[in-house]
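Okay, so here's the structure we're looking at.
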Amino acid sequence: MKCDRCNKPAIVHQVIIKNGEHREIHLCSTHAAEAGVPNPGQQPINKLMTTIGQPSTRSAMPTCPGCGTTLTQVRKDALFGCPECYDTFGRGTAIMVERSQSGAAHHVGRGPGGSEQEAARRFESRRLVEELDQAVRAEQYERAAEIKAKLAELAEPPSSGEDGL
Amino acid sequence: MPEFAHDEDVVLSSRARIARNIAGMPFVHVASEDQRREVIARLLPPLTGTTSAEPTIWTDLETAPKQRRRMLFEQHLISRQLADAKGPRGVAVAEDEAMSVMINEEDHVRMHAIAPGLQPGLCFERIRDFDVAIEPLVGWAFHERWGYQSACPTNTGTGIRFSAMLHLPALRMTRELEKVRQAAKDLHLAVRGYYGEGSESSGNFYQVSNQITLGCSEEELLDRFVNTIVPGIINYERSARQMLLRRDRIAIEDRIGRDLAVLRAARLLKVDEAMRRLSSVRLGCCLDIVKVIPLQQINNLFHEIQTGHLQTAADSHLSPIQSQEARAVLVRRRLGEG
Ligand SMILES: [Zn+2]
Ligand SMILES: [Zn+2]
């Protein structure tokens, strides 16, 4: 897999999930450094030490960047802190929602915009996002790229200028 | 047997509710006071503006006197939670008082509509139209997979809840309510008391609502609620009433007659006693045992006898004894002296 910004091989792969949209980043060492993304192979030794000294709070206790609520707190109150919590706690969200909705795992029906076509588009994009997730997890980057292309096509709205997924 | 529109012999009223939150803002229990003020500031123009889809009257509940909050609660226009909460919050009420929009309850927005008898579809259309009209002006938090996002996972997806206030005196008398509760549970229905969550049943009223909001469209949820679930309970109550009449007509007539006589003669009435005896008289109306009092008049009394309503009517605070006296006077006036 090549770097997003040049033709060198990418050594950093990240999947960013925000507001239900998955975005992948693949960067070579130069562009990773430029973007400030830590490169696992080239971290200065003192930075590595601090990382070891202070395990990231994320792995210890998932915390929502949107509202600062932890998964433990969400579970305790049975309340999310903000809309972003839904993606932040991924699997935890799925477990909580499905448990309180007797197994239902997908929204059906009206959404913003409200038209039938829009609902069908959302359904398809949801399916693709899940497929992409699986492909990335299985490190099938070529398949992921194909799905990404389909998603981009789907997200290309007739008039909006958003760059989609 | 008299005929009743919209199954009003068993169903006192129906409601539909939609829960919504503003995109990009923390939910109410996490939001700072400033953020909760911002929620209000962003919603006030679409709720009360001249271009509003529904003309509504705003009450700032942070500053409203306790009396006003109690009144809104007794009218089922706000929840106990919103009435008793602290900080920036409020309610917009439609002019006909059959629709309200609570701001900063558990979610940023909770819209309700209420209608007499079994008409949840009517309520649904009213709040859906309102939701569709204000959505582009506000921008709700929406997730591709989880639908409209709510603070509590029990409300996510459509955010819709239908409920019916059922009058089930015969099922109570025949001790069959447990069966209804069990059946309701199997159908993913919640059964609550007269004032909703956490409240005791009062006057043999039970509020039944769908518990699932995700995985089915609003229309499917409505269809199941109004065509399958609630009719099942209605018919169960009706056959229990007929069974009581066949088995014990004299005993039933005696009981209803005594309850009506007490209501007409009492000089002091506590709210629980009034609810209990009015429930009996309501059953009498539906079974054509009590003939002269219109059902509507009794339905209204369930609201009118609540303390907040009595205090509003008297335009002053009433001591417990004064409330009991005012309640008895009102009931006598409505039902006629015996
Ligand atoms: Zn590069
Ligand atoms: Zn959050």
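In the structure tokens, chains take letters A, B, ... by order of appearance, with residues numbered from 1 within each chain and ligands from 1 in the order shown.
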
Ligand 2: which residues are within 9 Å, counting only C-alpha atoms and all ligand atoms? Reply as a PyMOL selection string.
(chain A and resi 63-70+80-89) or (chain B and resi 26-27+30)

Keeping only C-alpha atoms, write the selected residues as an mmCIF file, in the first residue's frame.
```cif
data_model
loop_
_atom_site.group_PDB
_atom_site.id
_atom_site.type_symbol
_atom_site.label_atom_id
_atom_site.label_comp_id
_atom_site.auth_asym_id
_atom_site.auth_seq_id
_atom_site.Cartn_x
_atom_site.Cartn_y
_atom_site.Cartn_z
ATOM 1 C CA THR A 63 -12.656 8.150 27.180
ATOM 2 C CA CYS A 64 -14.822 10.104 24.749
ATOM 3 C CA PRO A 65 -12.917 12.983 23.109
ATOM 4 C CA GLY A 66 -16.236 14.777 22.627
ATOM 5 C CA CYS A 67 -17.298 14.984 26.259
ATOM 6 C CA GLY A 68 -14.659 13.328 28.440
ATOM 7 C CA THR A 69 -17.016 10.611 29.653
ATOM 8 C CA THR A 70 -15.457 7.187 30.257
ATOM 9 C CA PHE A 80 -24.079 8.329 26.798
ATOM 10 C CA GLY A 81 -22.378 11.671 27.356
ATOM 11 C CA CYS A 82 -22.643 13.044 23.821
ATOM 12 C CA PRO A 83 -23.327 11.888 20.237
ATOM 13 C CA GLU A 84 -19.612 11.143 19.734
ATOM 14 C CA CYS A 85 -19.682 8.547 22.546
ATOM 15 C CA TYR A 86 -21.563 6.205 20.185
ATOM 16 C CA ASP A 87 -18.502 5.771 17.965
ATOM 17 C CA THR A 88 -15.924 6.176 20.690
ATOM 18 C CA PHE A 89 -17.142 3.128 22.576
ATOM 19 C CA PRO B 26 -23.111 17.067 24.889
ATOM 20 C CA PHE B 27 -26.282 15.486 26.264
ATOM 21 C CA VAL B 30 -23.111 16.157 30.896
#
```

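Residues of protein, DNA or RNA having any atom at most 12 Å from ligand 1, counting only C-alpha atoms and all ligand atoms, are Met1, Lys2, Cys3, Asp4, Arg5, Cys6, Asn7, Lys8, Pro9, Ala10, Ile11, Val12, Ile25, His26, Leu27, Cys28, Ser29, Thr30, His31, Ala32, Ala33, Glu34 and Ala35 of chain A.
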
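The part of chain A that reaches within 7 Å of chain B is made up of Asn19, Gly20, Cys67, Ala78, Leu79, Phe80, Gly81, Cys82, Pro83, Met96, Val97, Ser100, Gln101, Ala104, Ala105, His106, His107, Val108, Gly109, Arg122 and Arg126 of chain A, counting only C-alpha atoms.
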
Alpha helix (DSSP H) positions in range 12-135 of chain B, given as an MDAnalysis selection string
chainID B and resid 33:48 66:74 80:84 120:135

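Reported to one decimal place, the separation of CA of Ala16 in chain B from CA of Gln67 in chain B is 26.0 Å.
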
Which residue, A:Val129, A:Met61, A:Val74, A:Val136, has the smallest gap to Leu154 in chain A when you use only C-alpha atoms?
A:Val129
